[in-house]
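Structure file query_5.pdb with PDB, C-alpha atoms:
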```
ATOM      1  CA  MET U  16      20.340 -60.234 -95.985
ATOM      2  CA  ALA U  17      21.987 -56.886 -95.315
ATOM      3  CA  LYS U  18      18.611 -55.400 -94.508
ATOM      4  CA  LYS U  19      17.854 -58.200 -92.084
ATOM      5  CA  GLY U  20      21.222 -57.762 -90.373
ATOM      6  CA  ARG U  21      20.563 -54.082 -89.867
ATOM      7  CA  VAL U  22      17.149 -54.801 -88.366
ATOM      8  CA  GLY U  23      18.688 -57.376 -86.055
ATOM      9  CA  LYS U  24      21.224 -54.907 -84.868
ATOM     10  CA  ILE U  25      18.494 -52.354 -84.177
ATOM     11  CA  ILE U  26      16.446 -54.926 -82.321
ATOM     12  CA  GLY U  27      19.544 -55.967 -80.351
ATOM     13  CA  ALA U  28      20.324 -52.359 -79.510
ATOM     14  CA  LEU U  29      16.758 -51.749 -78.379
ATOM     15  CA  ALA U  30      16.875 -54.842 -76.219
ATOM     16  CA  THR U  31      20.117 -53.632 -74.659
ATOM     17  CA  VAL U  32      18.595 -50.221 -73.973
ATOM     18  CA  ALA U  33      15.536 -51.880 -72.467
ATOM     19  CA  LEU U  34      17.734 -54.106 -70.356
ATOM     20  CA  ILE U  35      19.799 -51.168 -69.123
ATOM     21  CA  GLY U  36      16.662 -49.099 -68.530
ATOM     22  CA  GLY U  37      15.052 -51.933 -66.615
ATOM     23  CA  ALA U  38      18.157 -52.374 -64.522
ATOM     24  CA  ALA U  39      18.176 -48.648 -63.802
ATOM     25  CA  VAL U  40      14.516 -48.705 -62.760
ATOM     26  CA  TYR U  41      15.129 -51.757 -60.587
ATOM     27  CA  GLY U  42      18.227 -50.145 -59.067
ATOM     28  CA  TYR U  43      16.292 -46.962 -58.370
ATOM     29  CA  LYS U  44      13.588 -49.007 -56.669
ATOM     30  CA  ILE U  45      16.199 -50.716 -54.498
ATOM     31  CA  TYR U  46      17.606 -47.293 -53.606
ATOM     32  CA  GLN U  47      14.152 -45.969 -52.736
ATOM     33  CA  ASP U  48      13.467 -49.042 -50.594
ATOM     34  CA  TYR U  49      16.781 -48.536 -48.828
ATOM     35  CA  LYS U  50      16.122 -44.846 -48.322
ATOM     36  CA  SER U  51      12.628 -45.444 -46.920
ATOM     37  CA  ASN U  52      14.060 -47.787 -44.305
ATOM     38  CA  GLN U  53      16.581 -45.248 -43.055
ATOM     39  CA  PRO U  54      15.833 -42.893 -40.135
ATOM     40  CA  PRO U  55      14.740 -39.481 -41.406
ATOM     41  CA  THR U  56      17.347 -36.765 -41.454
ATOM     42  CA  THR U  57      16.312 -34.164 -38.849
ATOM     43  CA  ARG U  58      17.323 -30.580 -39.174
ATOM     44  CA  VAL U  59      18.086 -29.089 -35.756
ATOM     45  CA  GLN U  60      16.097 -25.905 -35.233
ATOM     46  CA  THR U  61      16.676 -22.995 -32.881
ATOM     47  CA  LEU U  62      13.777 -22.123 -30.603
ATOM     48  CA  LYS U  63      12.157 -18.716 -30.708
ATOM     49  CA  THR U  64      13.039 -16.273 -27.939
ATOM     50  CA  PRO U  65      10.180 -15.866 -25.425
ATOM     51  CA  ASN U  66       8.174 -12.756 -26.237
ATOM     52  CA  ASN U  67       6.294 -10.293 -24.026
ATOM     53  CA  PHE U  68       8.912 -10.667 -21.261
ATOM     54  CA  ALA U  69       7.861  -8.353 -18.419
ATOM     55  CA  PHE U  70       8.239  -7.730 -14.677
ATOM     56  CA  ASP U  71       5.409  -6.696 -12.335
ATOM     57  CA  SER U  72       6.886  -4.636  -9.485
ATOM     58  CA  GLU U  73       3.730  -5.071  -7.382
ATOM     59  CA  SER U  74       3.772  -8.890  -7.264
ATOM     60  CA  TYR U  75       7.493  -9.340  -8.188
ATOM     61  CA  VAL U  76       6.434 -11.758 -10.924
ATOM     62  CA  LEU U  77       8.132 -12.210 -14.297
ATOM     63  CA  THR U  78       5.873 -13.266 -17.188
ATOM     64  CA  TRP U  79       6.515 -14.291 -20.804
ATOM     65  CA  GLY U  80       4.886 -15.964 -23.790
ATOM     66  CA  ASP U  81       5.052 -19.751 -24.127
ATOM     67  CA  VAL U  82       7.485 -21.084 -26.740
ATOM     68  CA  GLU U  83       6.471 -24.142 -28.761
ATOM     69  CA  HIS U  84       8.752 -27.177 -28.248
ATOM     70  CA  ALA U  85      10.551 -25.558 -25.266
ATOM     71  CA  ASP U  86      11.758 -28.017 -22.604
ATOM     72  CA  GLY U  87      11.684 -25.253 -20.015
ATOM     73  CA  TYR U  88      13.176 -21.816 -19.521
ATOM     74  CA  THR U  89      16.238 -20.229 -17.964
ATOM     75  CA  ILE U  90      15.930 -16.845 -16.276
ATOM     76  CA  GLU U  91      19.111 -14.949 -15.547
ATOM     77  CA  TYR U  92      18.600 -12.759 -12.484
ATOM     78  CA  ASN U  93      21.548 -10.568 -11.501
ATOM     79  CA  GLY U  94      23.956 -13.069 -13.065
ATOM     80  CA  THR U  95      22.406 -16.177 -11.473
ATOM     81  CA  ASN U  96      20.420 -18.707 -13.518
ATOM     82  CA  ILE U  97      16.974 -19.842 -12.387
ATOM     83  CA  GLU U  98      15.494 -22.912 -14.103
ATOM     84  CA  VAL U  99      11.741 -22.936 -14.790
ATOM     85  CA  ASP U 100       9.745 -26.012 -15.802
ATOM     86  CA  GLU U 101       8.221 -26.657 -19.214
ATOM     87  CA  GLY U 102       4.803 -25.058 -19.654
ATOM     88  CA  GLU U 103       5.374 -22.365 -17.006
ATOM     89  CA  THR U 104       5.017 -18.769 -18.193
ATOM     90  CA  SER U 105       5.578 -16.906 -14.925
ATOM     91  CA  HIS U 106       7.969 -16.924 -11.975
ATOM     92  CA  GLN U 107       8.049 -14.914  -8.761
ATOM     93  CA  ILE U 108      11.410 -13.320  -8.023
ATOM     94  CA  LEU U 109      12.837 -12.885  -4.541
ATOM     95  CA  ILE U 110      14.191  -9.355  -4.921
ATOM     96  CA  SER U 111      17.598  -9.235  -3.223
ATOM     97  CA  SER U 112      19.217  -6.051  -4.504
ATOM     98  CA  ASP U 113      18.382  -2.420  -5.162
ATOM     99  CA  GLU U 114      19.631  -2.928  -8.749
ATOM    100  CA  ASN U 115      17.958  -5.853 -10.529
ATOM    101  CA  THR U 116      18.256  -7.177 -14.084
ATOM    102  CA  PHE U 117      16.433 -10.031 -15.807
ATOM    103  CA  LYS U 118      16.590 -11.869 -19.133
ATOM    104  CA  ILE U 119      15.192 -15.199 -20.337
ATOM    105  CA  LYS U 120      15.742 -17.903 -22.925
ATOM    106  CA  ALA U 121      13.825 -21.027 -23.967
ATOM    107  CA  ASN U 122      15.612 -24.355 -23.453
ATOM    108  CA  GLY U 123      15.791 -26.875 -26.299
ATOM    109  CA  ASP U 124      16.124 -30.645 -25.965
ATOM    110  CA  GLY U 125      19.632 -30.569 -27.461
ATOM    111  CA  VAL U 126      18.600 -33.038 -30.177
ATOM    112  CA  ASN U 127      15.907 -31.520 -32.357
ATOM    113  CA  TYR U 128      15.909 -28.019 -30.882
ATOM    114  CA  ASN U 129      18.652 -25.691 -29.692
ATOM    115  CA  ASP U 130      18.199 -23.066 -26.973
ATOM    116  CA  SER U 131      16.792 -19.757 -28.087
ATOM    117  CA  ALA U 132      18.747 -16.538 -28.001
ATOM    118  CA  TRP U 133      18.522 -14.532 -24.778
ATOM    119  CA  SER U 134      15.798 -11.917 -24.596
ATOM    120  CA  ASN U 135      16.490  -8.249 -24.118
ATOM    121  CA  THR U 136      17.452  -7.372 -20.532
ATOM    122  CA  ILE U 137      14.851  -5.641 -18.393
ATOM    123  CA  SER U 138      15.635  -3.960 -15.087
ATOM    124  CA  TYR U 139      14.034  -2.940 -11.801
ATOM    125  CA  THR U 140      15.730  -0.328  -9.611
ATOM    126  CA  ILE U 141      14.893   0.696  -6.058
ATOM    127  CA  ALA U 142      16.095   4.284  -6.191
ATOM    128  CA  ASN U 143      15.276   5.134  -2.580
ATOM    129  CA  MET U 144      15.543   2.424   0.087
ATOM    130  CA  GLY U 145      13.411   4.593   2.355
ATOM    131  CA  GLU U 146      10.536   3.973  -0.044
ATOM    132  CA  ALA U 147      11.220   0.260  -0.485
ATOM    133  CA  THR U 148       8.535  -2.174   0.628
ATOM    134  CA  LEU U 149       9.053  -4.270   3.750
ATOM    135  CA  TYR U 150       9.380  -7.322   1.501
ATOM    136  CA  GLU U 151      12.216  -5.681  -0.437
ATOM    137  CA  LYS U 152      14.005  -4.444   2.679
ATOM    138  CA  ILE U 153      14.002  -7.895   4.272
ATOM    139  CA  ASN U 154      15.213  -9.644   1.129
ATOM    140  CA  ILE U 155      18.020  -7.181   0.512
ATOM    141  CA  GLU U 156      19.195  -7.369   4.115
ATOM    142  CA  LEU U 157      19.017 -11.163   4.198
ATOM    143  CA  ASN U 158      20.995 -11.404   0.983
ATOM    144  CA  ARG U 159      23.607  -9.035   2.414
ATOM    145  CA  ALA U 160      23.842 -11.181   5.549
ATOM    146  CA  ALA U 161      24.108 -14.377   3.488
ATOM    147  CA  LYS U 162      26.873 -12.903   1.329
ATOM    148  CA  ALA U 163      28.816 -11.979   4.456
ATOM    149  CA  LYS U 164      29.023 -15.748   5.087
ATOM    150  CA  GLY U 165      29.845 -16.576   1.462
ATOM    151  CA  TYR U 166      26.277 -17.591   0.530
ATOM    152  CA  THR U 167      23.801 -16.463  -2.100
ATOM    153  CA  LEU U 168      20.200 -16.213  -0.883
ATOM    154  CA  ASP U 169      17.799 -18.510  -2.748
ATOM    155  CA  ARG U 170      14.528 -18.154  -0.846
ATOM    156  CA  VAL U 171      12.993 -17.643   2.581
ATOM    157  CA  ILE U 172      11.167 -20.594   4.160
ATOM    158  CA  GLY U 173       9.758 -18.964   7.278
ATOM    159  CA  ILE U 174       9.953 -16.065   9.687
ATOM    160  CA  SER U 175       9.075 -16.398  13.363
ATOM    161  CA  LEU U 176       9.134 -14.187  16.425
ATOM    162  CA  VAL U 177      10.728 -15.976  19.391
ATOM    163  CA  GLN U 178      11.724 -15.453  23.037
ATOM    164  CA  THR U 179       9.749 -12.273  23.626
ATOM    165  CA  GLU U 180       7.423 -13.232  26.486
ATOM    166  CA  TYR U 181       9.844 -12.348  29.317
ATOM    167  CA  SER U 182      12.089  -9.882  27.546
ATOM    168  CA  SER U 183      11.904  -6.425  26.021
ATOM    169  CA  HIS U 184      14.268  -7.653  23.312
ATOM    170  CA  GLY U 185      12.814  -8.782  20.003
ATOM    171  CA  ASN U 186      14.270 -11.908  18.439
ATOM    172  CA  VAL U 187      13.271 -12.931  14.944
ATOM    173  CA  ARG U 188      14.312 -16.318  13.541
ATOM    174  CA  ILE U 189      14.468 -16.577   9.756
ATOM    175  CA  GLU U 190      14.870 -19.899   7.918
ATOM    176  CA  MET U 191      16.399 -19.513   4.460
ATOM    177  CA  MET U 192      17.714 -21.596   1.617
ATOM    178  CA  ALA U 193      21.055 -20.379   0.294
ATOM    179  CA  THR U 194      23.805 -21.723  -1.955
ATOM    180  CA  LYS U 195      27.536 -21.840  -1.329
ATOM    181  CA  ASP U 196      29.985 -23.292  -3.862
ATOM    182  CA  GLY U 197      27.038 -24.774  -5.743
ATOM    183  CA  THR U 198      25.638 -26.565  -2.670
ATOM    184  CA  MET U 199      22.234 -25.737  -1.176
ATOM    185  CA  LYS U 200      22.050 -25.251   2.588
ATOM    186  CA  ASN U 201      19.337 -24.535   5.135
ATOM    187  CA  VAL U 202      20.563 -21.318   6.775
ATOM    188  CA  ILE U 203      19.034 -20.156  10.056
ATOM    189  CA  GLN U 204      19.659 -16.566  11.085
ATOM    190  CA  THR U 205      18.445 -14.988  14.321
ATOM    191  CA  TYR U 206      18.275 -11.217  14.741
ATOM    192  CA  GLU U 207      17.969  -9.372  18.040
ATOM    193  CA  ILE U 208      16.493  -5.890  18.288
ATOM    194  CA  LEU U 209      16.522  -4.066  21.624
ATOM    195  CA  ASN U 210      13.486  -2.560  23.296
ATOM    196  CA  THR U 211      10.787  -3.993  21.060
ATOM    197  CA  ASN U 212       8.961  -7.219  20.414
ATOM    198  CA  ASN U 213       6.793  -5.824  17.618
ATOM    199  CA  MET U 214       7.323  -7.983  14.535
ATOM    200  CA  GLU U 215       6.962  -5.206  11.988
ATOM    201  CA  GLU U 216       9.375  -2.936  13.877
ATOM    202  CA  ILE U 217      11.888  -5.776  14.070
ATOM    203  CA  LEU U 218      11.644  -6.596  10.382
ATOM    204  CA  ASN U 219      11.987  -2.937   9.461
ATOM    205  CA  SER U 220      15.052  -2.602  11.692
ATOM    206  CA  ILE U 221      17.133  -5.726  11.036
ATOM    207  CA  ASN U 222      20.625  -5.285   9.681
ATOM    208  CA  GLN U 223      23.925  -7.122   9.815
ATOM    209  CA  SER U 224      24.886  -5.686  13.202
ATOM    210  CA  HIS U 225      21.816  -7.286  14.769
ATOM    211  CA  VAL U 226      22.715 -10.887  13.870
ATOM    212  CA  ARG U 227      22.717 -12.924  17.081
ATOM    213  CA  GLN U 228      23.052 -16.435  15.670
ATOM    214  CA  PHE U 229      23.909 -18.071  12.355
ATOM    215  CA  ILE U 230      23.363 -21.804  11.791
ATOM    216  CA  GLU U 231      23.823 -23.820   8.608
ATOM    217  CA  LYS U 232      22.440 -27.315   8.041
ATOM    218  CA  ASN U 233      22.813 -29.719   5.150
ATOM    219  CA  VAL U 234      19.701 -30.458   3.111
ATOM    220  CA  VAL U 235      18.663 -32.956   0.447
ATOM    221  CA  SER U 236      17.143 -31.973  -2.864
ATOM    222  CA  TYR U 237      13.992 -33.970  -2.177
ATOM    223  CA  ASN U 238      11.032 -31.980  -0.817
ATOM    224  CA  SER U 239       8.430 -34.131   0.959
ATOM    225  CA  ALA U 240       6.193 -31.465   2.527
ATOM    226  CA  GLU U 241       3.350 -32.289   0.156
ATOM    227  CA  GLU U 242       3.573 -35.991   0.978
ATOM    228  CA  LEU U 243       3.510 -35.203   4.669
ATOM    229  CA  LEU U 244       0.209 -33.434   4.007
ATOM    230  CA  GLU U 245      -1.072 -36.313   1.883
ATOM    231  CA  ARG U 246      -0.432 -38.616   4.796
ATOM    232  CA  GLY U 247      -3.507 -36.945   6.283
ATOM    233  CA  LYS U 248      -2.440 -37.123   9.914
ATOM    234  CA  PHE U 249       0.227 -34.734  11.112
ATOM    235  CA  ALA U 250       1.530 -34.005  14.600
ATOM    236  CA  GLY U 251       1.242 -31.395  17.324
ATOM    237  CA  GLU U 252      -0.303 -28.048  16.407
ATOM    238  CA  MET U 253      -0.583 -28.984  12.728
ATOM    239  CA  GLU U 254      -2.866 -31.855  13.680
ATOM    240  CA  SER U 255      -4.796 -29.580  16.053
ATOM    241  CA  LEU U 256      -5.515 -27.141  13.216
ATOM    242  CA  ARG U 257      -6.633 -29.982  10.968
ATOM    243  CA  ASN U 258      -8.985 -31.255  13.665
ATOM    244  CA  GLN U 259     -10.486 -27.751  13.892
ATOM    245  CA  GLY U 260     -11.403 -28.015  10.208
ATOM    246  CA  TYR U 261      -8.575 -25.982   8.662
ATOM    247  CA  GLU U 262      -7.349 -27.019   5.224
ATOM    248  CA  ILE U 263      -3.558 -27.014   5.277
ATOM    249  CA  SER U 264      -1.312 -26.482   2.253
ATOM    250  CA  ALA U 265       2.458 -26.166   1.927
ATOM    251  CA  VAL U 266       3.882 -22.763   0.999
ATOM    252  CA  ASP U 267       7.565 -23.704   1.005
ATOM    253  CA  SER U 268       9.854 -26.184   2.717
ATOM    254  CA  CYS U 269      13.125 -28.065   2.727
ATOM    255  CA  VAL U 270      14.320 -31.426   4.044
ATOM    256  CA  ARG U 271      17.294 -31.509   6.393
ATOM    257  CA  GLU U 272      19.788 -34.271   5.750
ATOM    258  CA  GLY U 273      19.034 -37.463   7.678
ATOM    259  CA  TYR U 274      21.193 -39.718   9.815
ATOM    260  CA  ASN U 275      21.071 -43.081  11.564
ATOM    261  CA  ILE U 276      20.487 -42.915  15.309
ATOM    262  CA  SER U 277      19.879 -45.943  17.527
ATOM    263  CA  GLY U 278      18.911 -48.084  14.562
ATOM    264  CA  LYS U 279      16.480 -45.516  13.163
ATOM    265  CA  PHE U 280      16.698 -43.246  10.149
ATOM    266  CA  ARG U 281      15.851 -39.676  11.166
ATOM    267  CA  PHE U 282      15.353 -36.511   9.155
ATOM    268  CA  GLU U 283      13.383 -33.255   9.426
ATOM    269  CA  ILE U 284      10.918 -31.457   7.196
ATOM    270  CA  VAL U 285      11.056 -27.694   7.757
ATOM    271  CA  GLY U 286       8.050 -25.965   6.255
ATOM    272  CA  THR U 287       5.904 -22.883   6.092
ATOM    273  CA  TYR U 288       2.231 -23.753   5.743
ATOM    274  CA  LYS U 289      -1.049 -22.011   5.081
ATOM    275  CA  ALA U 290      -4.171 -22.975   7.059
ATOM    276  CA  THR U 291      -7.558 -21.909   5.665
ATOM    277  CA  LEU U 292     -10.996 -22.104   7.263
ATOM    278  CA  GLY U 293     -13.491 -19.970   5.358
ATOM    279  CA  ASN U 294     -12.189 -16.403   5.469
ATOM    280  CA  ASP U 295      -9.745 -17.219   8.278
ATOM    281  CA  VAL U 296      -6.221 -17.665   6.905
ATOM    282  CA  LYS U 297      -3.215 -18.442   9.076
ATOM    283  CA  TYR U 298       0.473 -18.953   8.252
ATOM    284  CA  PHE U 299       2.795 -21.002  10.414
ATOM    285  CA  THR U 300       6.185 -22.704  10.420
ATOM    286  CA  SER U 301       6.392 -26.322  11.562
ATOM    287  CA  VAL U 302       9.437 -28.574  11.914
ATOM    288  CA  ASN U 303       8.463 -32.242  11.663
ATOM    289  CA  GLN U 304      10.932 -34.935  12.656
ATOM    290  CA  ILE U 305      10.529 -38.248  10.812
ATOM    291  CA  ASN U 306      11.830 -41.449  12.448
ATOM    292  CA  VAL U 307      11.816 -44.620  10.363
ATOM    293  CA  SER U 308      12.160 -47.917  12.213
ATOM    294  CA  ASN U 309      13.625 -51.116  10.733
ATOM    295  CA  PRO U 310      16.015 -49.327   8.377
ATOM    296  CA  SER U 311      17.213 -51.146   5.286
ATOM    297  CA  SER U 312      20.044 -53.622   5.796
ATOM    298  CA  ASP U 313      22.264 -51.962   3.210
ATOM    299  CA  GLY U 314      22.019 -48.595   4.976
ATOM    300  CA  VAL U 315      20.427 -46.857   1.978
ATOM    301  CA  TYR U 316      17.420 -44.752   2.983
ATOM    302  CA  ASN U 317      14.821 -43.361   0.662
ATOM    303  CA  TYR U 318      13.441 -39.920   1.589
ATOM    304  CA  GLU U 319      10.773 -40.227  -1.073
ATOM    305  CA  THR U 320       9.123 -43.233   0.544
ATOM    306  CA  ALA U 321      10.049 -42.839   4.226
ATOM    307  CA  VAL U 322       7.304 -40.348   5.039
ATOM    308  CA  ARG U 323       4.715 -42.661   3.465
ATOM    309  CA  LEU U 324       5.674 -45.677   5.587
ATOM    310  CA  GLU U 325       3.000 -45.074   8.198
ATOM    311  CA  ASN U 326       3.471 -48.534   9.702
ATOM    312  CA  LYS U 327       7.220 -47.972  10.128
ATOM    313  CA  SER U 328       7.609 -44.228  10.627
ATOM    314  CA  THR U 329       6.541 -41.689  13.216
ATOM    315  CA  VAL U 330       6.141 -37.941  12.805
ATOM    316  CA  THR U 331       6.874 -35.623  15.715
ATOM    317  CA  GLU U 332       6.434 -31.861  15.576
ATOM    318  CA  THR U 333       9.524 -30.367  17.229
ATOM    319  CA  GLN U 334       8.778 -26.709  16.519
ATOM    320  CA  PHE U 335       5.627 -24.755  15.707
ATOM    321  CA  VAL U 336       5.393 -20.983  15.307
ATOM    322  CA  MET U 337       2.230 -19.191  14.225
ATOM    323  CA  HIS U 338       3.061 -16.153  12.109
ATOM    324  CA  GLU U 339       1.591 -13.017  13.573
ATOM    325  CA  ALA U 340      -0.203 -10.250  11.738
ATOM    326  CA  GLY U 341       1.870  -7.335  10.504
ATOM    327  CA  GLY U 342       5.319  -7.769   9.003
ATOM    328  CA  THR U 343       5.436 -11.543   8.859
ATOM    329  CA  LEU U 344       1.973 -11.963   7.399
ATOM    330  CA  GLU U 345       2.723  -9.346   4.750
ATOM    331  CA  TYR U 346       5.962 -11.103   3.889
ATOM    332  CA  MET U 347       4.487 -14.605   3.832
ATOM    333  CA  GLY U 348       1.565 -13.369   1.760
ATOM    334  CA  LYS U 349       4.013 -12.350  -0.942
ATOM    335  CA  LEU U 350       5.305 -15.897  -1.118
ATOM    336  CA  VAL U 351       1.909 -17.294  -2.090
ATOM    337  CA  CYS U 352       0.673 -14.578  -4.469
TER
END
```
In structure tokens, what does this structure look like?
Amino acid sequence: MAKKGRVGKIIGALATVALIGGAAVYGYKIYQDYKSNQPPTTRVQTLKTPNNFAFDSESYVLTWGDVEHADGYTIEYNGTNIEVDEGETSHQILISSDENTFKIKANGDGVNYNDSAWSNTISYTIANMGEATLYEKINIELNRAAKAKGYTLDRVIGISLVQTEYSSHGNVRIEMMATKDGTMKNVIQTYEILNTNNMEEILNSINQSHVRQFIEKNVVSYNSAEELLERGKFAGEMESLRNQGYEISAVDSCVREGYNISGKFRFEIVGTYKATLGNDVKYFTSVNQINVSNPSSDGVYNYETAVRLENKSTVTETQFVMHEAGGTLEYMGKLVC
């Protein structure tokens, strides 16, 4: 009997162990099932710094290597940040100082990837302004003029020679985009140079003392120049060029803030365009006024759709200036390199 009792105890102990072991296995399975149904734990990674960062002083273009998983890039140029879209690996800089510094970082999504570290700083110095290119001279002078009004130059939209037919004075009108207190404006600056109406001489000679007129206009962030082209039928001289067989493309533009006048919503597209017919290439600035009839009852107007409403909107060209050869063509050519 004693032997049997011992065997029973052993069997009981083994059963208990089996029961506990089974419970442990079952519990582990429940844990694994629970764990598999939970969102994976993601480790936030820091993006690599863009490599091969370089500046070409002939084209004024910055280039760099693409960074995997980057949501875009931030270039710091002379203390100001410039945002560049995802997938881009180059950006043309509007040189606005004789001393220029650049660095770049890759932007993360803030969830799975953090921004990269900044790259090393590279620099470009114009040691002798007498040897600076016309493009550099204009940019530096325009930036100086903008700063005198509290603005920072962003880019040039167009340059045109005006009011020279009956005068020995040269007047050059320059449309720019510039920021002030974080707000973008369309800045129009007119320079007057005595005793010449030669565009290249004027551009080489402009300085702050020659400013004849300074105008600032509010703009909206939306840019509809491309959609104006997609409309297929323009106005004025733009339409005349199209009818002659020229292919027209937008170089740069801005949209001036709209307003309600006599029951119509009105705004302006200010643009520099390129017209190509075989080997013949022309640059011109055109200001197109858009009037939209039957505005919405709630007074909310949509710039993005207004230019497409061909049955409700009209386009009128209010200004057209063909850019001449010489200084302007050289300058505008730089914008489309």
Selected residue of minimal separation from Lys120 of chain U among U:Asp71, U:Gly165, U:Thr64, U:Thr95, counting only C-alpha atoms: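 Going through U:Asp71, U:Gly165, U:Thr64, U:Thr95 one by one, the smallest distance to Lys120 of chain U is for U:Thr64.
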Near segment 290-293 of chain U, within 7 Å and counting all atoms listed in the file, which residues show up once chain neighbours fewer than 4 positions away are dropped, as a PDB file with C-alpha atoms, in the coordinates of the input?
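As written to disk, out.pdb reads:
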```
ATOM      1  CA  GLY U 260     -11.403 -28.015  10.208  1.00  0.00           C
ATOM      2  CA  TYR U 261      -8.575 -25.982   8.662  1.00  0.00           C
ATOM      3  CA  GLU U 262      -7.349 -27.019   5.224  1.00  0.00           C
ATOM      4  CA  ILE U 263      -3.558 -27.014   5.277  1.00  0.00           C
ATOM      5  CA  SER U 264      -1.312 -26.482   2.253  1.00  0.00           C
ATOM      6  CA  LYS U 297      -3.215 -18.442   9.076  1.00  0.00           C
ATOM      7  CA  TYR U 298       0.473 -18.953   8.252  1.00  0.00           C
TER       8      TYR U 298
END
```
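Distance-wise, atom CA of Asn303 of chain U and atom CA of Gln334 of chain U end up 7.4 Å apart.
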Got a sec to resolve the PyMOL selection byres ((chain U and resi 337) around 8) on this structure and send the residues as a tab-separated table (two decimals) with C-alpha atoms, keeping the file's coordinate frame?
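This went into part.tsv:
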```
chain	number	residue	atom	x	y	z
U	175	SER	CA	9.07	-16.40	13.36
U	297	LYS	CA	-3.22	-18.44	9.08
U	298	TYR	CA	0.47	-18.95	8.25
U	299	PHE	CA	2.80	-21.00	10.41
U	300	THR	CA	6.18	-22.70	10.42
U	335	PHE	CA	5.63	-24.76	15.71
U	336	VAL	CA	5.39	-20.98	15.31
U	338	HIS	CA	3.06	-16.15	12.11
U	339	GLU	CA	1.59	-13.02	13.57
```
Separation of atom CA of Gly278 of chain U from atom CA of Val330 of chain U, in Å and rounded to one decimal: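 Taking atom CA of Gly278 of chain U as the start and atom CA of Val330 of chain U as the end point, the length is 16.4 Å.
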Report, as JSON, the axis-aligned box around all atoms of segment 319-335 of chain U present in the file, extended by 6 Å on each side; give centre and edge lengths in Å to one decimal place.
```
{"center_x": 6.9, "center_y": -36.6, "center_z": 8.1, "size_x": 19.8, "size_y": 35.8, "size_z": 30.3}
```
Within-7 Å shell of (19.8, -12.2, -6.2) in input frame, all atoms listed in the file, as a list in words: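 Residues found, by chain and rising number: Tyr92, Asn93, Ile110, Ser111, Ser112 and Leu168 of chain U.
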Residues matched by the PyMOL selection byres ((chain U and resi 130) around 12), written as a ChimeraX atom specification: /U:59-65,82-89,119-129,131-134
Atom CA of Glu103 of chain U to atom CA of Thr140 of chain U, distance in Å rounded to a single decimal: 25.4 Å
Expected selection from the PyMOL selection byres ((chain U and resi 222) around 10), given as a list in words: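 Output from the PyMOL selection byres ((chain U and resi 222) around 10), applied to this file: Lys152, Ile153, Ile155, Glu156, Leu157, Arg159, Ala160, Tyr206, Glu207, Ile208, Ile217, Leu218, Asn219, Ser220, Ile221, Gln223, Ser224, His225 and Val226 of chain U.
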Non-local contacts of Phe68 of chain U (10 Å; only C-alpha atoms; under 4 positions in same chain excluded) as a PyMOL selection string: chain U and resi 64+77-80+104-105+117-119+134-137
So which residues touch Glu241 of chain U within 12 Å, counting only C-alpha atoms, skipping near sequence neighbours fewer than 6 positions away, as a CSV table (one decimal) with C-alpha atoms, in the frame of the given file?
```csv
chain,number,residue,atom,x,y,z
U,247,GLY,CA,-3.5,-36.9,6.3
U,249,PHE,CA,0.2,-34.7,11.1
U,263,ILE,CA,-3.6,-27.0,5.3
U,264,SER,CA,-1.3,-26.5,2.3
U,265,ALA,CA,2.5,-26.2,1.9
U,266,VAL,CA,3.9,-22.8,1.0
U,267,ASP,CA,7.6,-23.7,1.0
U,268,SER,CA,9.9,-26.2,2.7
U,269,CYS,CA,13.1,-28.1,2.7
U,270,VAL,CA,14.3,-31.4,4.0
U,284,ILE,CA,10.9,-31.5,7.2
U,285,VAL,CA,11.1,-27.7,7.8
U,286,GLY,CA,8.0,-26.0,6.3
U,287,THR,CA,5.9,-22.9,6.1
U,288,TYR,CA,2.2,-23.8,5.7
U,319,GLU,CA,10.8,-40.2,-1.1
U,322,VAL,CA,7.3,-40.3,5.0
U,323,ARG,CA,4.7,-42.7,3.5
```
Near Ala321 of chain U, counting all atoms listed in the file, which residues have an atom at most 10 Å away, once you skip same-chain residues fewer than 6 positions from it, shown as an mmCIF file with C-alpha atoms, keeping the file's coordinate frame?
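This went into out33.cif:
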```cif
data_model
loop_
_atom_site.group_PDB
_atom_site.id
_atom_site.type_symbol
_atom_site.label_atom_id
_atom_site.label_comp_id
_atom_site.auth_asym_id
_atom_site.auth_seq_id
_atom_site.Cartn_x
_atom_site.Cartn_y
_atom_site.Cartn_z
ATOM 1 C CA SER U 239 8.430 -34.131 0.959
ATOM 2 C CA GLU U 242 3.573 -35.991 0.978
ATOM 3 C CA PHE U 280 16.698 -43.246 10.149
ATOM 4 C CA ARG U 281 15.851 -39.676 11.166
ATOM 5 C CA PHE U 282 15.353 -36.511 9.155
ATOM 6 C CA ILE U 305 10.529 -38.248 10.812
ATOM 7 C CA ASN U 306 11.830 -41.449 12.448
ATOM 8 C CA VAL U 307 11.816 -44.620 10.363
ATOM 9 C CA SER U 308 12.160 -47.917 12.213
ATOM 10 C CA PRO U 310 16.015 -49.327 8.377
ATOM 11 C CA LYS U 327 7.220 -47.972 10.128
ATOM 12 C CA SER U 328 7.609 -44.228 10.627
ATOM 13 C CA THR U 329 6.541 -41.689 13.216
#
```
